[in-house]
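File shown: start-v4.pdb (PDB, C-alpha atoms).
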```pdb
ATOM      1  CA  MET A   1     132.424 124.460  45.731
ATOM      2  CA  LYS A   2     131.956 124.902  49.476
ATOM      3  CA  THR A   3     134.270 127.923  49.465
ATOM      4  CA  PHE A   4     132.235 129.823  46.854
ATOM      5  CA  PRO A   5     129.390 130.902  49.213
ATOM      6  CA  ILE A   6     131.994 131.989  51.793
ATOM      7  CA  LEU A   7     133.846 134.120  49.248
ATOM      8  CA  LEU A   8     130.546 135.575  48.047
ATOM      9  CA  LEU A   9     129.495 136.584  51.561
ATOM     10  CA  GLY A  10     132.956 138.041  52.150
ATOM     11  CA  SER A  11     132.606 140.185  49.052
ATOM     12  CA  ILE A  12     129.229 141.427  50.265
ATOM     13  CA  PHE A  13     130.737 142.387  53.632
ATOM     14  CA  ILE A  14     133.482 144.421  51.948
ATOM     15  CA  ALA A  15     130.909 146.214  49.812
ATOM     16  CA  LEU A  16     128.743 147.015  52.805
ATOM     17  CA  SER A  17     131.614 148.279  54.917
ATOM     18  CA  SER A  18     132.037 151.347  52.694
ATOM     19  CA  THR A  19     130.552 154.474  54.215
ATOM     20  CA  GLY A  20     128.832 157.336  52.494
ATOM     21  CA  GLN A  21     128.267 160.955  53.393
ATOM     22  CA  GLU A  22     125.355 161.606  55.702
ATOM     23  CA  THR A  23     123.209 164.719  55.591
ATOM     24  CA  GLU A  24     120.723 166.278  57.932
ATOM     25  CA  THR A  25     117.912 164.932  55.740
ATOM     26  CA  THR A  26     118.931 161.330  56.344
ATOM     27  CA  PRO A  27     116.073 159.477  58.051
ATOM     28  CA  GLU A  28     116.830 158.216  61.533
ATOM     29  CA  ILE A  29     117.488 154.563  62.291
ATOM     30  CA  GLY A  30     115.414 153.809  65.387
ATOM     31  CA  PRO A  31     114.675 150.628  67.341
ATOM     32  CA  ALA A  32     111.551 149.900  65.259
ATOM     33  CA  VAL A  33     113.492 149.707  61.989
ATOM     34  CA  ILE A  34     116.355 147.775  63.584
ATOM     35  CA  SER A  35     113.983 145.224  65.095
ATOM     36  CA  GLN A  36     112.083 144.712  61.834
ATOM     37  CA  VAL A  37     115.315 143.921  60.020
ATOM     38  CA  ASN A  38     116.461 141.548  62.756
ATOM     39  CA  GLN A  39     113.125 139.752  63.241
ATOM     40  CA  GLY A  40     112.881 138.879  59.550
ATOM     41  CA  ASN A  41     109.981 138.775  57.090
ATOM     42  CA  SER A  42     107.050 136.486  56.461
ATOM     43  CA  TYR A  43     107.287 134.568  53.196
ATOM     44  CA  ILE A  44     105.827 131.735  51.167
ATOM     45  CA  THR A  45     107.813 129.712  48.653
ATOM     46  CA  ALA A  46     106.705 128.471  45.244
ATOM     47  CA  PRO A  47     106.672 124.688  44.486
ATOM     48  CA  THR A  48     109.820 125.079  42.363
ATOM     49  CA  ASP A  49     112.601 124.332  44.853
ATOM     50  CA  ILE A  50     115.851 123.266  43.218
ATOM     51  CA  GLY A  51     117.913 120.979  45.420
ATOM     52  CA  ASN A  52     117.667 118.047  47.787
ATOM     53  CA  ILE A  53     114.727 119.150  49.963
ATOM     54  CA  GLU A  54     111.602 116.965  49.966
ATOM     55  CA  PRO A  55     109.059 117.972  47.255
ATOM     56  CA  LEU A  56     106.953 120.768  48.751
ATOM     57  CA  TRP A  57     103.933 122.710  47.619
ATOM     58  CA  PHE A  58     105.210 125.537  49.759
ATOM     59  CA  GLU A  59     107.068 126.548  52.883
ATOM     60  CA  GLY A  60     105.438 129.357  54.831
ATOM     61  CA  ASN A  61     107.142 131.470  57.476
ATOM     62  CA  LEU A  62     104.720 133.573  59.535
ATOM     63  CA  ILE A  63     106.330 136.295  61.673
ATOM     64  CA  PRO A  64     103.794 138.732  63.160
ATOM     65  CA  ASN A  65     105.434 141.196  65.520
ATOM     66  CA  PHE A  66     103.811 142.976  68.478
ATOM     67  CA  TYR A  67     105.771 145.982  69.730
ATOM     68  CA  ILE A  68     106.027 147.086  73.350
ATOM     69  CA  ARG A  69     107.562 150.461  74.176
ATOM     70  CA  GLN A  70     106.836 153.577  76.163
ATOM     71  CA  SER A  71     107.132 156.088  73.283
ATOM     72  CA  LYS A  72     108.557 156.463  69.789
ATOM     73  CA  ASN A  73     111.574 158.227  71.302
ATOM     74  CA  SER A  74     112.349 155.393  73.685
ATOM     75  CA  ARG A  75     115.709 153.643  73.303
ATOM     76  CA  LEU A  76     114.294 150.473  74.888
ATOM     77  CA  MET A  77     111.707 148.323  73.105
ATOM     78  CA  GLY A  78     110.263 144.827  73.386
ATOM     79  CA  VAL A  79     108.898 142.647  70.572
ATOM     80  CA  LEU A  80     106.595 139.644  70.997
ATOM     81  CA  THR A  81     106.712 137.261  68.013
ATOM     82  CA  PRO A  82     104.600 134.059  67.722
ATOM     83  CA  GLN A  83     106.603 132.716  64.758
ATOM     84  CA  ILE A  84     105.387 129.593  62.913
ATOM     85  CA  ILE A  85     107.043 127.750  59.997
ATOM     86  CA  ILE A  86     104.960 125.241  58.038
ATOM     87  CA  ARG A  87     105.648 122.953  55.074
ATOM     88  CA  MET A  88     103.024 121.363  52.833
ATOM     89  CA  TYR A  89     104.339 118.230  51.161
ATOM     90  CA  GLN A  90     103.566 117.034  47.652
ATOM     91  CA  GLU A  91     102.007 113.802  48.886
ATOM     92  CA  LYS A  92      98.551 112.300  49.156
ATOM     93  CA  SER A  93      96.142 114.654  50.985
ATOM     94  CA  TYR A  94      98.828 117.398  50.864
ATOM     95  CA  PRO A  95      99.921 116.946  54.513
ATOM     96  CA  VAL A  96     101.329 119.775  56.631
ATOM     97  CA  ARG A  97     103.611 117.895  58.997
ATOM     98  CA  THR A  98     104.949 118.941  62.386
ATOM     99  CA  PRO A  99     104.999 122.751  62.054
ATOM    100  CA  SER A 100     107.766 124.593  63.856
ATOM    101  CA  TYR A 101     106.331 126.719  66.674
ATOM    102  CA  MET A 102     108.848 129.405  67.675
ATOM    103  CA  PRO A 103     107.292 131.956  70.074
ATOM    104  CA  GLN A 104     109.829 134.484  71.293
ATOM    105  CA  ILE A 105     110.314 137.776  73.055
ATOM    106  CA  THR A 106     113.151 140.113  72.084
ATOM    107  CA  ILE A 107     114.396 143.171  73.954
ATOM    108  CA  TYR A 108     116.230 145.901  72.019
ATOM    109  CA  TYR A 109     118.280 148.720  73.505
ATOM    110  CA  LEU A 110     119.762 151.520  71.405
ATOM    111  CA  LEU A 111     123.266 152.161  72.729
ATOM    112  CA  LYS A 112     123.701 155.437  70.847
ATOM    113  CA  ASN A 113     121.352 158.349  70.235
ATOM    114  CA  LYS A 114     119.129 157.399  67.305
ATOM    115  CA  THR A 115     119.800 160.713  65.527
ATOM    116  CA  ASP A 116     123.237 159.297  64.665
ATOM    117  CA  VAL A 117     122.973 157.384  61.367
ATOM    118  CA  ARG A 118     125.673 155.034  62.610
ATOM    119  CA  THR A 119     124.071 153.266  65.533
ATOM    120  CA  GLN A 120     124.823 150.371  67.827
ATOM    121  CA  SER A 121     122.082 148.276  69.418
ATOM    122  CA  PHE A 122     122.071 145.409  71.877
ATOM    123  CA  PHE A 123     119.361 142.772  71.841
ATOM    124  CA  MET A 124     118.420 139.757  73.911
ATOM    125  CA  ARG A 125     116.028 137.093  72.649
ATOM    126  CA  PHE A 126     114.269 134.364  74.663
ATOM    127  CA  ALA A 127     112.676 131.722  72.431
ATOM    128  CA  HIS A 128     111.041 128.315  72.349
ATOM    129  CA  HIS A 129     111.130 125.868  69.420
ATOM    130  CA  SER A 130     108.922 122.793  69.271
ATOM    131  CA  ASN A 131     106.720 120.819  66.907
ATOM    132  CA  GLY A 132     103.663 120.189  69.081
ATOM    133  CA  GLN A 133     104.047 116.398  68.952
ATOM    134  CA  ASP A 134     104.224 113.808  71.740
ATOM    135  CA  GLY A 135     105.437 110.660  69.972
ATOM    136  CA  ASP A 136     108.680 108.778  70.583
ATOM    137  CA  PHE A 137     111.795 110.587  69.400
ATOM    138  CA  TYR A 138     113.055 107.484  67.572
ATOM    139  CA  LEU A 139     111.308 104.841  65.496
ATOM    140  CA  GLU A 140     111.818 101.148  66.251
ATOM    141  CA  ASN A 141     114.499 100.952  63.561
ATOM    142  CA  GLY A 142     116.497 103.721  65.265
ATOM    143  CA  GLU A 143     115.662 106.485  62.776
ATOM    144  CA  LEU A 144     114.266 109.848  63.808
ATOM    145  CA  ASN A 145     110.488 109.943  64.060
ATOM    146  CA  LEU A 146     109.884 112.791  61.593
ATOM    147  CA  LYS A 147     106.090 112.594  61.640
ATOM    148  CA  SER A 148     105.282 112.583  65.351
ATOM    149  CA  GLY A 149     108.532 112.643  67.326
ATOM    150  CA  ASP A 150     108.589 115.037  70.281
ATOM    151  CA  PHE A 151     111.010 117.888  69.519
ATOM    152  CA  ALA A 152     111.442 120.761  71.988
ATOM    153  CA  THR A 153     114.180 123.188  72.945
ATOM    154  CA  ASN A 154     114.490 126.615  74.553
ATOM    155  CA  PHE A 155     117.248 129.132  74.013
ATOM    156  CA  PHE A 156     118.394 132.668  74.648
ATOM    157  CA  GLU A 157     120.335 134.793  72.185
ATOM    158  CA  PRO A 158     122.302 137.951  73.064
ATOM    159  CA  GLY A 159     123.640 139.981  70.166
ATOM    160  CA  LEU A 160     124.858 143.289  68.761
ATOM    161  CA  ILE A 161     123.547 145.146  65.698
ATOM    162  CA  LEU A 162     125.539 147.837  63.869
ATOM    163  CA  THR A 163     123.797 150.110  61.350
ATOM    164  CA  ASN A 164     124.893 152.675  58.809
ATOM    165  CA  VAL A 165     123.337 154.870  56.105
ATOM    166  CA  ASN A 166     125.309 155.086  52.872
ATOM    167  CA  LYS A 167     124.166 158.257  51.107
ATOM    168  CA  ARG A 168     126.347 157.591  48.086
ATOM    169  CA  LEU A 169     124.460 154.364  47.410
ATOM    170  CA  ASN A 170     121.219 155.616  49.009
ATOM    171  CA  ALA A 171     121.202 152.425  51.045
ATOM    172  CA  TYR A 172     120.772 151.246  54.630
ATOM    173  CA  GLN A 173     123.280 148.719  55.963
ATOM    174  CA  PHE A 174     122.976 146.364  58.940
ATOM    175  CA  TYR A 175     125.431 143.942  60.525
ATOM    176  CA  LYS A 176     124.400 141.529  63.267
ATOM    177  CA  SER A 177     126.411 139.125  65.385
ATOM    178  CA  SER A 178     124.844 136.965  68.103
ATOM    179  CA  VAL A 179     125.265 133.744  70.052
ATOM    180  CA  GLU A 180     122.363 131.310  70.431
ATOM    181  CA  ILE A 181     122.577 129.187  73.599
ATOM    182  CA  HIS A 182     120.358 126.183  74.394
ATOM    183  CA  PRO A 183     120.700 125.190  78.074
ATOM    184  CA  PRO A 184     120.717 121.353  78.131
ATOM    185  CA  VAL A 185     118.169 121.238  80.958
ATOM    186  CA  SER A 186     115.630 123.056  78.776
ATOM    187  CA  SER A 187     115.879 120.803  75.695
ATOM    188  CA  SER A 188     114.840 117.257  74.844
ATOM    189  CA  GLU A 189     117.396 114.816  76.242
ATOM    190  CA  GLU A 190     117.612 113.021  72.907
ATOM    191  CA  LEU A 191     119.114 116.114  71.273
ATOM    192  CA  ASP A 192     122.354 115.778  73.249
ATOM    193  CA  GLY A 193     125.241 115.111  70.865
ATOM    194  CA  ILE A 194     123.209 115.386  67.660
ATOM    195  CA  TYR A 195     121.969 118.984  67.906
ATOM    196  CA  SER A 196     124.232 121.994  68.377
ATOM    197  CA  MET A 197     123.458 123.769  71.648
ATOM    198  CA  VAL A 198     125.684 126.801  70.952
ATOM    199  CA  ARG A 199     125.488 128.657  67.626
ATOM    200  CA  TRP A 200     127.233 131.773  66.402
ATOM    201  CA  HIS A 201     125.133 133.821  63.967
ATOM    202  CA  ASN A 202     126.266 136.604  61.654
ATOM    203  CA  ALA A 203     124.146 138.526  59.162
ATOM    204  CA  ILE A 204     124.783 141.359  56.736
ATOM    205  CA  SER A 205     121.822 143.184  55.138
ATOM    206  CA  ILE A 206     121.628 146.038  52.676
ATOM    207  CA  PHE A 207     118.455 147.848  51.581
ATOM    208  CA  LYS A 208     118.689 149.944  48.402
ATOM    209  CA  LEU A 209     116.126 152.752  48.280
ATOM    210  CA  PRO A 210     114.698 154.389  45.131
ATOM    211  CA  PRO A 211     116.089 157.794  44.062
ATOM    212  CA  GLU A 212     115.356 160.639  46.453
ATOM    213  CA  ASP A 213     112.562 163.080  45.672
ATOM    214  CA  ASN A 214     111.226 166.261  47.263
ATOM    215  CA  ASN A 215     108.678 164.651  49.559
ATOM    216  CA  ASN A 216     109.368 163.222  53.006
ATOM    217  CA  LEU A 217     107.267 160.090  52.730
ATOM    218  CA  LYS A 218     108.892 156.917  53.959
ATOM    219  CA  LYS A 219     109.751 154.427  51.221
ATOM    220  CA  ASN A 220     110.146 150.726  50.586
ATOM    221  CA  ALA A 221     113.526 149.465  49.497
ATOM    222  CA  ASN A 222     113.681 148.680  45.774
ATOM    223  CA  ILE A 223     115.941 145.726  46.383
ATOM    224  CA  SER A 224     117.591 144.131  49.385
ATOM    225  CA  LEU A 225     120.318 141.577  49.904
ATOM    226  CA  LYS A 226     120.940 139.535  53.034
ATOM    227  CA  GLY A 227     123.772 137.123  53.746
ATOM    228  CA  GLU A 228     123.726 134.918  56.851
ATOM    229  CA  THR A 229     126.140 132.437  58.401
ATOM    230  CA  THR A 230     125.829 130.139  61.412
ATOM    231  CA  TRP A 231     128.659 128.179  62.974
ATOM    232  CA  MET A 232     127.557 125.295  65.231
ATOM    233  CA  PHE A 233     129.698 124.473  68.265
ATOM    234  CA  GLY A 234     129.708 121.537  70.665
ATOM    235  CA  LYS A 235     129.142 117.828  70.108
ATOM    236  CA  LEU A 236     127.468 117.332  66.752
ATOM    237  CA  ASN A 237     127.330 113.879  65.163
ATOM    238  CA  ASN A 238     131.044 113.263  65.830
ATOM    239  CA  LEU A 239     132.049 116.144  63.543
ATOM    240  CA  LYS A 240     135.485 117.670  64.024
ATOM    241  CA  GLY A 241     135.505 121.146  65.544
ATOM    242  CA  THR A 242     136.794 122.639  62.283
ATOM    243  CA  SER A 243     134.535 120.696  59.905
ATOM    244  CA  PHE A 244     132.769 122.846  57.299
ATOM    245  CA  ASP A 245     129.699 120.667  57.898
ATOM    246  CA  ARG A 246     129.189 122.853  60.982
ATOM    247  CA  LEU A 247     128.585 125.894  58.780
ATOM    248  CA  ASN A 248     125.146 127.021  57.569
ATOM    249  CA  LEU A 249     124.957 129.617  54.778
ATOM    250  CA  SER A 250     122.030 131.610  53.417
ATOM    251  CA  LEU A 251     121.846 134.308  50.741
ATOM    252  CA  THR A 252     118.541 136.067  49.987
ATOM    253  CA  PHE A 253     117.838 138.577  47.214
ATOM    254  CA  TYR A 254     114.572 140.552  47.377
ATOM    255  CA  PHE A 255     112.956 142.715  44.697
ATOM    256  CA  HIS A 256     109.991 145.008  45.293
ATOM    257  CA  PRO A 257     108.051 145.849  42.094
ATOM    258  CA  LYS A 258     106.452 149.308  42.032
ATOM    259  CA  PHE A 259     102.953 147.913  41.470
ATOM    260  CA  LEU A 260     102.986 145.897  44.715
ATOM    261  CA  GLU A 261     102.414 147.409  48.176
ATOM    262  CA  ASP A 262     103.742 145.235  51.017
ATOM    263  CA  ILE A 263     105.009 142.167  49.160
ATOM    264  CA  GLY A 264     107.796 141.445  46.715
ATOM    265  CA  LEU A 265     109.667 138.598  45.048
ATOM    266  CA  PHE A 266     112.650 136.784  46.504
ATOM    267  CA  VAL A 267     115.171 134.113  45.603
ATOM    268  CA  GLN A 268     117.191 132.337  48.280
ATOM    269  CA  TYR A 269     120.066 129.895  48.381
ATOM    270  CA  TYR A 270     120.470 127.837  51.556
ATOM    271  CA  HIS A 271     123.240 125.404  52.444
ATOM    272  CA  GLY A 272     123.451 123.610  55.771
ATOM    273  CA  LEU A 273     121.464 121.583  58.268
ATOM    274  CA  ASP A 274     117.669 121.825  58.155
ATOM    275  CA  TYR A 275     116.027 124.257  60.599
ATOM    276  CA  TYR A 276     112.613 122.520  60.575
ATOM    277  CA  ASN A 277     112.293 120.835  64.025
ATOM    278  CA  MET A 278     112.697 117.031  63.691
ATOM    279  CA  TYR A 279     114.331 117.414  60.284
ATOM    280  CA  PHE A 280     117.399 118.989  61.925
ATOM    281  CA  SER A 281     119.731 116.184  60.772
ATOM    282  CA  HIS A 282     118.956 116.663  57.060
ATOM    283  CA  ARG A 283     121.614 118.514  55.086
ATOM    284  CA  LEU A 284     120.154 120.869  52.515
ATOM    285  CA  ASP A 285     121.448 122.530  49.366
ATOM    286  CA  VAL A 286     118.443 124.312  47.937
ATOM    287  CA  LEU A 287     117.556 127.254  45.718
ATOM    288  CA  ARG A 288     114.000 128.499  46.107
ATOM    289  CA  PHE A 289     111.727 131.298  44.953
ATOM    290  CA  GLY A 290     108.621 132.938  46.378
ATOM    291  CA  ILE A 291     106.941 136.058  47.693
ATOM    292  CA  MET A 292     107.881 137.933  50.854
ATOM    293  CA  THR A 293     106.299 140.661  52.929
ATOM    294  CA  GLU A 294     108.276 143.861  53.329
ATOM    295  CA  LYS A 295     106.560 146.453  55.538
ATOM    296  CA  LEU A 296     109.850 148.098  56.360
ATOM    297  CA  ARG A 297     109.835 151.840  55.614
ATOM    298  CA  PHE A 298     112.869 154.143  55.591
TER     299      PHE A 298
END
```
In structure tokens, what does this structure look like?
Amino acid sequence: MKTFPILLLGSIFIALSSTGQETETTPEIGPAVISQVNQGNSYITAPTDIGNIEPLWFEGNLIPNFYIRQSKNSRLMGVLTPQIIIRMYQEKSYPVRTPSYMPQITIYYLLKNKTDVRTQSFFMRFAHHSNGQDGDFYLENGELNLKSGDFATNFFEPGLILTNVNKRLNAYQFYKSSVEIHPPVSSSEELDGIYSMVRWHNAISIFKLPPEDNNNLKKNANISLKGETTWMFGKLNNLKGTSFDRLNLSLTFYFHPKFLEDIGLFVQYYHGLDYYNMYFSHRLDVLRFGIMTEKLRF
């Protein structure tokens, strides 16, 4: 069963690698669009998760982006993002425990002229991830202190983004590859050996637009599909270097109904280690549903 998500993501990559015929009317792919795809979307899940995650009322991912650039024609752009992930548990008083605070700054540079519908972009991200707690990392029984344990790490992430416009499918395609590096001196000492400090990320995204018309207004994508993989290197709970337990997989399908403006419906499958601060040792296999913002315009 573990090979099925890998084969599925491979099939998506083959489908996205096909190229269409571009025309002079094809909208440009600039740094703003590229950054919005790479930064991700805000979302909130419904209390209907299927899998082994703790019972939640919701998980909320808040990603407001603040753009810094000289002009719309600039090939260099910065993005400030005070990202926060929160989970409300289905317990007494509905607690929201140890939110993940992930402030970050990302620099994008367009390597090719943005009038080319096939573009290449370099980005560099500097980020912090903590839970705002100051308790002991471990409980007296040796287990992780999930409620108040002090979790903190800093990392930088260089990467490359390739884009393409497929006119035959009327779709925008994005491929990203990056390496996330956590310098040991900038992370909690207790994370050594149980938290991967080097991670290789890959993501493939496709945005299918509605049929073309005679006006030039920018449009939302009708549907989008995003597949993501992360391979975790280094010492990690005595796992072998080739163990599939080092692999995280995510597949997200998004649908934008015509009667909604900036939000739509999504379904996501996630397999791998938890990304929620002190819960990093939990292994998840979960299918969830919810609503997601989509302010991206093509």
Once the PyMOL selection byres ((chain A and resi 197-214) around 7) has been applied to the shown file, what residues remain in the selection, as a PDB file with C-alpha atoms, in the frame of the given file?
```pdb
ATOM      1  CA  PHE A  13     130.737 142.387  53.632  1.00  0.00           C
ATOM      2  CA  ASN A 170     121.219 155.616  49.009  1.00  0.00           C
ATOM      3  CA  ALA A 171     121.202 152.425  51.045  1.00  0.00           C
ATOM      4  CA  TYR A 172     120.772 151.246  54.630  1.00  0.00           C
ATOM      5  CA  GLN A 173     123.280 148.719  55.963  1.00  0.00           C
ATOM      6  CA  PHE A 174     122.976 146.364  58.940  1.00  0.00           C
ATOM      7  CA  TYR A 175     125.431 143.942  60.525  1.00  0.00           C
ATOM      8  CA  LYS A 176     124.400 141.529  63.267  1.00  0.00           C
ATOM      9  CA  SER A 177     126.411 139.125  65.385  1.00  0.00           C
ATOM     10  CA  SER A 178     124.844 136.965  68.103  1.00  0.00           C
ATOM     11  CA  VAL A 179     125.265 133.744  70.052  1.00  0.00           C
ATOM     12  CA  GLU A 180     122.363 131.310  70.431  1.00  0.00           C
ATOM     13  CA  ILE A 181     122.577 129.187  73.599  1.00  0.00           C
ATOM     14  CA  HIS A 182     120.358 126.183  74.394  1.00  0.00           C
ATOM     15  CA  TYR A 195     121.969 118.984  67.906  1.00  0.00           C
ATOM     16  CA  SER A 196     124.232 121.994  68.377  1.00  0.00           C
ATOM     17  CA  ASN A 215     108.678 164.651  49.559  1.00  0.00           C
ATOM     18  CA  ASN A 216     109.368 163.222  53.006  1.00  0.00           C
ATOM     19  CA  ASN A 220     110.146 150.726  50.586  1.00  0.00           C
ATOM     20  CA  ALA A 221     113.526 149.465  49.497  1.00  0.00           C
ATOM     21  CA  ASN A 222     113.681 148.680  45.774  1.00  0.00           C
ATOM     22  CA  ILE A 223     115.941 145.726  46.383  1.00  0.00           C
ATOM     23  CA  SER A 224     117.591 144.131  49.385  1.00  0.00           C
ATOM     24  CA  LEU A 225     120.318 141.577  49.904  1.00  0.00           C
ATOM     25  CA  LYS A 226     120.940 139.535  53.034  1.00  0.00           C
ATOM     26  CA  GLY A 227     123.772 137.123  53.746  1.00  0.00           C
ATOM     27  CA  GLU A 228     123.726 134.918  56.851  1.00  0.00           C
ATOM     28  CA  THR A 229     126.140 132.437  58.401  1.00  0.00           C
ATOM     29  CA  THR A 230     125.829 130.139  61.412  1.00  0.00           C
ATOM     30  CA  TRP A 231     128.659 128.179  62.974  1.00  0.00           C
ATOM     31  CA  MET A 232     127.557 125.295  65.231  1.00  0.00           C
ATOM     32  CA  PHE A 233     129.698 124.473  68.265  1.00  0.00           C
ATOM     33  CA  GLY A 234     129.708 121.537  70.665  1.00  0.00           C
TER      34      GLY A 234
END
```
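Residues in contact range of stretch 126-137 of chain A, defined as at most 7 Å between all atoms listed in the file, with sequence neighbours fewer than 3 positions away removed, read Thr98, Pro99, Ser100, Tyr101, Met102, Pro103, Gln104, Ile105, Thr106, Leu144, Asn145, Ser148, Gly149, Asp150, Phe151, Ala152, Thr153, Asn154, Phe155, Phe156, Glu157 and Asn277 of chain A.
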Hits of the PyMOL selection byres ((chain A and resi 90) around 6) in this structure, as a VMD selection string = chain A and resid 55 to 57 89 91 94
For A:Arg69, which residue out of A:Tyr108, A:Ser121, A:Pro184, A:Pro257 is the nearest one, using only C-alpha atoms?
-> A:Tyr108
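Rounded to one decimal, atom CA of A:Pro158 and atom CA of A:Lys235 lie 21.5 Å from each other.
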Between atom CA of A:Arg168 and atom CA of A:Lys112 - distance in Å to one decimal | 23.0 Å
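For the pair atom CA of A:Gly60 and atom CA of A:Arg87, the interatomic distance is 6.4 Å.
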With 6 Å added on each side, what axis-aligned box encloses every listed atom of stretch 185-203 of chain A? Give the centre and edge lengths in Å to one decimal, as lines of an AutoDock Vina configuration file.
```
center_x = 121.0
center_y = 125.8
center_z = 70.1
size_x = 24.4
size_y = 37.5
size_z = 33.8
```
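Non-sequential neighbours of A:Phe66 (distance at most 8 Å, separation of 4 or more positions within a chain, all atoms listed in the file) are A:Val79, A:Leu80, A:Thr81.
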Between A:Ile107, A:Leu191, A:Leu139, A:Val286, which one has atoms that come closest to A:Leu160, using all atoms listed in the file?
-> A:Ile107
Run the PyMOL selection byres ((chain A and resi 118) around 7) mentally over the shown coordinates, then write out the matched residues as a list of chain:residue names, using the chain letters and numbers from the document.
-> A:Asp116, A:Val117, A:Thr119, A:Thr163, A:Asn164, A:Val165
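When the distance limit is 8 Å and all atoms listed in the file are what count, the residues near A:Pro64, minus those fewer than 3 positions from it on the same chain, are Ser42, Thr81, Pro82 and Gln83 of chain A.
With all atoms listed in the file as the atoms that count, the residue of A:Lys92, A:Asn141, A:Arg297, A:Asn248 with the shortest distance to A:Ile29 is A:Arg297.
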Which neighbours of A:Arg283 fall inside 8 Å, counting only C-alpha atoms, when residues of the same chain fewer than 2 positions from it are skipped, and could you give them as a PyMOL selection string?
-> chain A and resi 271-274+281+285
May I have the protein, DNA and RNA residues with an atom at most 6 Å from (106.7, 127.5, 58.4), counting all atoms listed in the file in the file's coordinates, returned as a PyMOL selection string?
-> chain A and resi 59-61+84-87
Taking (119.5, 115.5, 51.1) in the file's own coordinates, collect the residues within 7 Å, counting only C-alpha atoms, and hand them back as a ChimeraX atom specification.
-> /A:52-53,282-284
So which one's closest to A:Arg125, A:Phe255, A:Leu260, A:Asp49, A:Tyr109? Using all atoms listed in the file, please.
-> A:Tyr109
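Of the listed residues A:Gln268, A:Met88, A:Asn73, A:Gly30, the one whose atoms come nearest to A:Gln120 is A:Gly30, with distances taken using all atoms listed in the file.
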